[in-house]
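Inspection log for the structure reproduced underneath, given as structure tokens.
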Amino acid sequence: MSIPQSGGGPIEHHDQLAQYMADGCKPKEDWRIGTEHEKFGYCKDTLKPLPYDGERSINAVLSGLRDRFGWAPVEEGGKLIGLEKDGANVSLEPGGQLELSGAPLETIHGTCDEVNDHLAQVKSVADEIGVGFIGLGAAPHWTHDDMPLMPKGRYKLMDGYMRKVGALGLQMMRRTCTVQVNLDFSSEADMVQKMRVAVALQPVATALFANSPFVEGKPNGHKSWRSRIWRDLDPDRTGMIPFIFEDGFGFEAWVQYALDVPMYFVYRDGKYIDALGQSFRDFLKGELPALPGEKPKLSDWADHLTTLFPEARVKRFIEMRGADGGPWRRLCALPAFWVGLTYDQGALDAAWDLCKGWTAEQREALRVAASKDGLQARVDGIDMHEVARECIDIATAGLQARARPGAGGLIPDETHFLNALRESVASGQVPADELLQLYEGEWGGDVTRVFATHSY
């Protein structure tokens, strides 16, 4: 989840809303890669999730990272709820999932070094207090009541609201993990093309990274239960947003969409003010019930944009949101997949050619099929396995065209970060398939065996 935004004066003209996003436009040489990933912490002896406080807790892990590795603390209400360092931050998801929001970096080599350093730091702190971390898309056997709610005002508000607007919102908050990548655009037209590719092909990422076949200790009938959860969460702010494929889509169309999404909160003086279900349009007129007579600042608009949860979203960059959290090497594969598809114009054009003929109904059906069947998904003659193969070929060509070397020039480009995905396409097996085989075979139906085999 995003941290509160800061900066920006009062909103005096409607045009400022679109301009806020347009200000993210950058020349290609300034494009960066920001990778985010979440993981579940647990006590090694009990396999129970970490509470916020205590000897073995989220607070203990954050404090250890702060004290040992020089991270600056982020507090709310006197509670340590995050860390900052060198453009990156460590934050908490509602159920205590630990998230690294990486710094904007030039190459996937740099991104992967950052991921490796972070996981090594977390492991060194966690090992000393008997704690482990695991990368899965959904909690394998914990129930909702097992998962503590972290002490953040935003989450307290969301927790109550989620009970009213969708059947699975609370599962999303407390029992899911993802890996995401944030990417830049050069212009409004570039944003439009990238968003269309991002949304249309997000089911491919869902299929390739599917890693959540269990819920409450048994198979749930889906390769990505995390993706299934997002289909029954809050229809006002989730989904495949078909309007982005209509003529005339651009920053202003995104503004209109965002203005129609009910608000969660307004952040003032370190506190979250309840604005649940209220309208940002009323806020612009000074008629917000939560703050009568007050008009919003740009930071309020930035905060509101973080409460939209479609499969890809626009802020001052584009977020790819369709993948399950997973094992170490797949945390680097996700940015490689999307950078390869979108950061070279030839690759971006090829990716759009691949999906531009799909209808809104087909895109939605692919989303559903990807969560259930992974690479075995089929929709109206569209074979997910073959589409994934084509996407990886395009991404490979895009990364070769970028030609960003690593290891002091010994590695010519970033294509090797796609190896985990190539293996999946070659075998037809994604992580969820491997987990189900283990469950039905050597684990003897004991889901808790996943902690011994799949922790970081």
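Chain identifiers are assigned as A, B, and so on, following the order in which chains appear in the structure tokens; residues are numbered from 1 within each chain, and ligands are numbered from 1 in order of appearance.
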Next item on the list: Might you pull out every residue within 9 Å of segment 341-354 of chain A, with only C-alpha atoms counted and same-chain residues fewer than 4 positions away left off, and present them as a list in words?
Entry: Lys28, Trp31, Leu183, Asp184, Phe185, Gln193, Lys194, Arg196, Val197, Ala198, Ala200, Leu201, Ala336, Phe337, Trp358, Val387, Glu390, Cys391, Ile392, Ile394, Ala395, Thr396, Ala397, Gly398, Leu399, Ala401 and Arg402 of chain A
Next item on the list: Identify, with DSSP run on backbone atoms, the residues in segment 181-271 of chain A assigned to alpha helix (DSSP H), and express the list as a VMD selection string.
Entry: chain A and resid 188 to 208 225 to 230 251 to 260
Expected file contents, prior selection, C-alpha atoms, as a CSV table (one decimal), in the first residue's frame:
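This went into result23.csv:
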chain,number,residue,atom,x,y,z
A,188,GLU,CA,0.4,11.1,-23.2
A,189,ALA,CA,0.4,9.0,-26.4
A,190,ASP,CA,3.1,6.8,-25.0
A,191,MET,CA,1.1,6.4,-21.7
A,192,VAL,CA,-2.0,5.4,-23.7
A,193,GLN,CA,-0.2,2.7,-25.7
A,194,LYS,CA,1.6,1.3,-22.6
A,195,MET,CA,-1.6,1.3,-20.6
A,196,ARG,CA,-3.5,-0.6,-23.3
A,197,VAL,CA,-0.8,-3.2,-23.6
A,198,ALA,CA,-0.5,-3.4,-19.8
A,199,VAL,CA,-4.2,-4.1,-19.2
A,200,ALA,CA,-4.7,-6.4,-22.2
A,201,LEU,CA,-1.6,-8.5,-21.3
A,202,GLN,CA,-2.0,-8.4,-17.5
A,203,PRO,CA,-3.7,-11.8,-17.6
A,204,VAL,CA,-0.5,-13.2,-19.2
A,205,ALA,CA,1.5,-12.0,-16.2
A,206,THR,CA,-1.2,-13.4,-13.9
A,207,ALA,CA,-0.8,-16.8,-15.6
A,208,LEU,CA,3.0,-16.9,-15.6
A,225,TRP,CA,-6.4,-17.2,-5.8
A,226,ARG,CA,-5.0,-13.7,-5.3
A,227,SER,CA,-6.3,-12.8,-8.8
A,228,ARG,CA,-9.6,-14.4,-8.0
A,229,ILE,CA,-9.9,-12.2,-4.9
A,230,TRP,CA,-9.5,-9.0,-6.9
A,251,PHE,CA,-4.9,11.8,-18.9
A,252,GLU,CA,-8.3,13.6,-18.7
A,253,ALA,CA,-10.2,10.4,-19.2
A,254,TRP,CA,-8.3,8.9,-16.2
A,255,VAL,CA,-9.2,11.9,-14.2
A,256,GLN,CA,-12.9,11.4,-14.9
A,257,TYR,CA,-12.6,7.7,-13.9
A,258,ALA,CA,-10.8,8.6,-10.7
A,259,LEU,CA,-13.3,11.3,-9.8
A,260,ASP,CA,-16.0,8.7,-10.0
Note to self: Can you pull out the residues contacting segment 173-175 of chain A? Cut-off 8 Å, using only C-alpha atoms, and skip same-chain residues under 2 positions away; I want them as a list in words.
What the structure shows: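 In the requested format, the answer is Glu93, Pro94, Gly95, Gly96, Gln97, Ala138, Ala139, Trp142, His144, Met147, Pro148, Leu149, Asp159, Gly169, Leu170, Gln171 and Cys177 of chain A.
Nearest to Val430 of chain A of all the residues A:Arg163, A:Lys223, A:Arg66, A:Arg154 is A:Lys223, counting only C-alpha atoms.
Among the candidates A:Leu284, A:Ala210, A:Met162, A:Ala403, the one nearest to Leu375 of chain A when counting only C-alpha atoms is A:Ala210.
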Report as a Markdown table the residues of segment 253-324 of chain A within 12 Å of segment 34-57 of chain A, each with its shortest atom pair and distance in Å (one decimal), using only C-alpha atoms, ordered by chain and increasing residue number.
| residue | atom | partner | partner_atom | distance |
| --- | --- | --- | --- | --- |
| A:Phe317 | CA | A:Gly34 | CA | 9.7 |
| A:Ile318 | CA | A:Gly34 | CA | 10.1 |
| A:Glu319 | CA | A:Gly34 | CA | 9.1 |
| A:Met320 | CA | A:Thr35 | CA | 9.8 |
| A:Arg321 | CA | A:Glu36 | CA | 10.0 |
| A:Ala323 | CA | A:His37 | CA | 10.0 |
| A:Asp324 | CA | A:His37 | CA | 9.3 |
Dump of N, CA and C atoms for the selected residues, as an mmCIF file, in the first residue's frame:
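Okay, again39.cif is ready:
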data_model
loop_
_atom_site.group_PDB
_atom_site.id
_atom_site.type_symbol
_atom_site.label_atom_id
_atom_site.label_comp_id
_atom_site.auth_asym_id
_atom_site.auth_seq_id
_atom_site.Cartn_x
_atom_site.Cartn_y
_atom_site.Cartn_z
ATOM 1 N N PHE A 317 3.492 7.510 -13.149
ATOM 2 C CA PHE A 317 4.084 6.354 -13.807
ATOM 3 C C PHE A 317 2.980 5.315 -13.901
ATOM 4 N N ILE A 318 3.269 4.201 -14.536
ATOM 5 C CA ILE A 318 2.293 3.121 -14.694
ATOM 6 C C ILE A 318 2.693 1.967 -13.803
ATOM 7 N N GLU A 319 1.723 1.429 -13.071
ATOM 8 C CA GLU A 319 1.954 0.283 -12.202
ATOM 9 C C GLU A 319 1.342 -0.971 -12.816
ATOM 10 N N MET A 320 2.143 -2.029 -12.906
ATOM 11 C CA MET A 320 1.682 -3.339 -13.371
ATOM 12 C C MET A 320 1.307 -4.172 -12.152
ATOM 13 N N ARG A 321 0.019 -4.578 -12.045
ATOM 14 C CA ARG A 321 -0.506 -5.051 -10.775
ATOM 15 C C ARG A 321 -1.049 -6.483 -10.803
ATOM 16 N N ALA A 323 0.452 -9.690 -10.912
ATOM 17 C CA ALA A 323 1.240 -10.884 -10.612
ATOM 18 C C ALA A 323 1.206 -11.252 -9.134
ATOM 19 N N ASP A 324 1.239 -12.546 -8.853
ATOM 20 C CA ASP A 324 1.380 -13.044 -7.489
ATOM 21 C C ASP A 324 2.803 -12.842 -7.000
#
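Remark: for Arg404 of chain A, the closest of the candidate residues A:Thr107, A:Ser124, A:Gln16, A:Asn182 is A:Thr107 (distances computed over only C-alpha atoms).
When atom CA of Val181 of chain A is paired with atom CA of Gly221 of chain A, their separation reads 27.3 Å.
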Notebook entry, point to check: So which bits of segment 81-242 of chain A end up strand (DSSP E or B) when you DSSP the backbone, as an MDAnalysis selection string?
Noted result: chainID A and resid 81:85 88:92 98:101 105 131:134 138 176 178:183 212 214:215 218:219 224 238:239
Note to self: List the spatial neighbours of Leu366 of chain A as a PyMOL selection string - criterion: any atom at most 8 Å away, only C-alpha atoms, same-chain residues fewer than 6 positions off excluded.
What the structure shows: chain A and resi 203+377-379
Expected file contents, prior selection, N, CA and C atoms, as an mmCIF file, in the first residue's frame:
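Generated output (selection.cif):
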data_model
loop_
_atom_site.group_PDB
_atom_site.id
_atom_site.type_symbol
_atom_site.label_atom_id
_atom_site.label_comp_id
_atom_site.auth_asym_id
_atom_site.auth_seq_id
_atom_site.Cartn_x
_atom_site.Cartn_y
_atom_site.Cartn_z
ATOM 1 N N PRO A 203 -3.394 -10.426 -17.870
ATOM 2 C CA PRO A 203 -3.690 -11.841 -17.599
ATOM 3 C C PRO A 203 -2.537 -12.782 -17.920
ATOM 4 N N ALA A 377 -5.118 -21.752 -19.732
ATOM 5 C CA ALA A 377 -6.307 -20.960 -20.046
ATOM 6 C C ALA A 377 -6.552 -20.913 -21.555
ATOM 7 N N ARG A 378 -7.824 -20.986 -21.930
ATOM 8 C CA ARG A 378 -8.237 -20.872 -23.329
ATOM 9 C C ARG A 378 -9.486 -19.996 -23.383
ATOM 10 N N VAL A 379 -9.498 -19.045 -24.311
ATOM 11 C CA VAL A 379 -10.655 -18.161 -24.477
ATOM 12 C C VAL A 379 -10.848 -17.883 -25.961
#
Next item on the list: Identify which of the residues A:Trp443, A:Phe133, A:Phe243, A:Phe265 lies closest to Asp300 of chain A, counting only C-alpha atoms when measuring atom-to-atom distances.
Entry: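 Checking each candidate against Asp300 of chain A, we get A:Phe265 as the closest.
Proximity to Asp232 of chain A at 10 Å, evaluated using only C-alpha atoms and with sequence-adjacent residues fewer than 5 positions away removed, yields Val165, Gly166, Ala167, Leu168, Gly169, Met172, Ser227, Thr238 and Gly239 of chain A.
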Serialized selection, C-alpha atoms, as an mmCIF file, in the first residue's frame:
data_model
loop_
_atom_site.group_PDB
_atom_site.id
_atom_site.type_symbol
_atom_site.label_atom_id
_atom_site.label_comp_id
_atom_site.auth_asym_id
_atom_site.auth_seq_id
_atom_site.Cartn_x
_atom_site.Cartn_y
_atom_site.Cartn_z
ATOM 1 C CA VAL A 165 -18.395 -3.399 -0.863
ATOM 2 C CA GLY A 166 -17.144 -6.886 -1.778
ATOM 3 C CA ALA A 167 -17.019 -10.414 -0.458
ATOM 4 C CA LEU A 168 -13.243 -10.857 -0.637
ATOM 5 C CA GLY A 169 -11.782 -7.440 0.196
ATOM 6 C CA MET A 172 -6.988 -9.064 -0.240
ATOM 7 C CA SER A 227 -6.281 -12.753 -8.773
ATOM 8 C CA THR A 238 -10.896 -2.678 -9.682
ATOM 9 C CA GLY A 239 -11.003 -4.548 -12.974
#
Next item on the list: Could you check how far atom CA of Asp67 of chain A sits from atom CA of Lys152 of chain A, in Å to one decimal?
Entry: 21.9 Å
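If you look at atom CA of His416 of chain A and atom CA of Arg330 of chain A, they are 11.6 Å away from each other.
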Notebook entry, point to check: Hey, what's within 9 Å of segment 267-283 of chain A if we count only C-alpha atoms and toss same-chain stuff fewer than 3 positions away? As a ChimeraX atom specification, please?
Noted result: /A:4-5,76-77,152-154,157-158,161,258-264,286-296,299-301,303-304
Output N, CA and C atoms for every residue in that selection, as a compact mmCIF listing (two decimals), in the first residue's frame.
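Writing the result to result-v1.txt gives the following:
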# COMPACT_ATOMS: atom_id res chain seq x y z
N PRO A 4 1.41 8.04 2.60
CA PRO A 4 0.80 9.33 2.31
C PRO A 4 1.68 10.19 1.42
N GLN A 5 1.05 10.89 0.49
CA GLN A 5 1.78 11.75 -0.43
C GLN A 5 1.98 13.12 0.22
N GLU A 76 3.84 6.42 12.59
CA GLU A 76 2.48 6.95 12.57
C GLU A 76 1.88 6.70 13.95
N GLY A 77 1.44 7.75 14.58
CA GLY A 77 0.87 7.60 15.92
C GLY A 77 1.84 7.00 16.91
N LYS A 152 -2.12 1.17 11.23
CA LYS A 152 -2.10 2.30 10.30
C LYS A 152 -3.54 2.78 10.12
N GLY A 153 -3.73 4.09 10.21
CA GLY A 153 -5.07 4.64 10.12
C GLY A 153 -5.76 4.30 8.82
N ARG A 154 -5.01 4.30 7.73
CA ARG A 154 -5.58 3.97 6.43
C ARG A 154 -6.21 2.57 6.45
N LEU A 157 -9.58 2.24 8.37
CA LEU A 157 -10.71 2.71 7.58
C LEU A 157 -11.08 1.70 6.49
N MET A 158 -10.07 1.21 5.78
CA MET A 158 -10.32 0.28 4.69
C MET A 158 -10.93 -1.02 5.20
N TYR A 161 -14.58 -0.58 5.52
CA TYR A 161 -15.23 -0.33 4.23
C TYR A 161 -15.29 -1.60 3.38
N ALA A 258 -11.15 8.50 -12.08
CA ALA A 258 -10.75 8.62 -10.67
C ALA A 258 -11.76 9.43 -9.87
N LEU A 259 -12.32 10.46 -10.48
CA LEU A 259 -13.30 11.27 -9.76
C LEU A 259 -14.58 10.50 -9.44
N ASP A 260 -14.85 9.46 -10.21
CA ASP A 260 -16.04 8.65 -9.97
C ASP A 260 -15.82 7.58 -8.91
N VAL A 261 -14.56 7.37 -8.50
CA VAL A 261 -14.25 6.37 -7.49
C VAL A 261 -14.45 6.98 -6.10
N PRO A 262 -15.28 6.37 -5.26
CA PRO A 262 -15.50 6.92 -3.92
C PRO A 262 -14.20 7.03 -3.13
N MET A 263 -14.14 8.03 -2.30
CA MET A 263 -12.94 8.28 -1.51
C MET A 263 -12.83 7.31 -0.34
N TYR A 264 -11.63 7.19 0.19
CA TYR A 264 -11.37 6.50 1.45
C TYR A 264 -11.14 7.50 2.60
N GLY A 286 -15.46 22.21 -2.33
CA GLY A 286 -15.47 22.61 -0.94
C GLY A 286 -16.65 22.07 -0.17
N GLU A 287 -17.23 20.96 -0.66
CA GLU A 287 -18.44 20.42 -0.06
C GLU A 287 -18.26 19.00 0.46
N LEU A 288 -17.04 18.65 0.80
CA LEU A 288 -16.79 17.31 1.32
C LEU A 288 -17.30 17.24 2.76
N PRO A 289 -18.21 16.32 3.06
CA PRO A 289 -18.74 16.24 4.43
C PRO A 289 -17.66 16.07 5.50
N ALA A 290 -16.57 15.38 5.14
CA ALA A 290 -15.51 15.15 6.13
C ALA A 290 -14.75 16.42 6.47
N LEU A 291 -14.68 17.36 5.52
CA LEU A 291 -13.96 18.63 5.74
C LEU A 291 -14.76 19.78 5.13
N PRO A 292 -15.87 20.14 5.70
CA PRO A 292 -16.73 21.16 5.11
C PRO A 292 -15.98 22.48 4.90
N GLY A 293 -16.15 23.01 3.68
CA GLY A 293 -15.55 24.30 3.35
C GLY A 293 -14.10 24.24 2.92
N GLU A 294 -13.46 23.08 3.04
CA GLU A 294 -12.05 22.95 2.66
C GLU A 294 -11.94 22.32 1.28
N LYS A 295 -11.00 22.86 0.48
CA LYS A 295 -10.74 22.30 -0.84
C LYS A 295 -9.44 21.50 -0.82
N PRO A 296 -9.29 20.57 -1.77
CA PRO A 296 -8.13 19.67 -1.72
C PRO A 296 -6.85 20.31 -2.20
N SER A 299 -1.61 17.00 -3.01
CA SER A 299 -1.27 15.79 -2.26
C SER A 299 -2.52 14.95 -1.98
N ASP A 300 -3.67 15.59 -1.81
CA ASP A 300 -4.92 14.85 -1.63
C ASP A 300 -5.29 14.09 -2.90
N TRP A 301 -5.09 14.74 -4.04
CA TRP A 301 -5.34 14.07 -5.32
C TRP A 301 -4.38 12.89 -5.49
N ASP A 303 -2.99 11.16 -3.15
CA ASP A 303 -3.46 10.11 -2.24
C ASP A 303 -4.66 9.37 -2.83
N HIS A 304 -5.59 10.12 -3.40
CA HIS A 304 -6.78 9.48 -3.95
C HIS A 304 -6.42 8.53 -5.09
Note to self: My list of candidates is A:Pro27, A:Gly78, A:Pro213, A:Pro242. Which is closest to Lys372 of chain A when distances are computed with only C-alpha atoms?
What the structure shows: A:Pro213
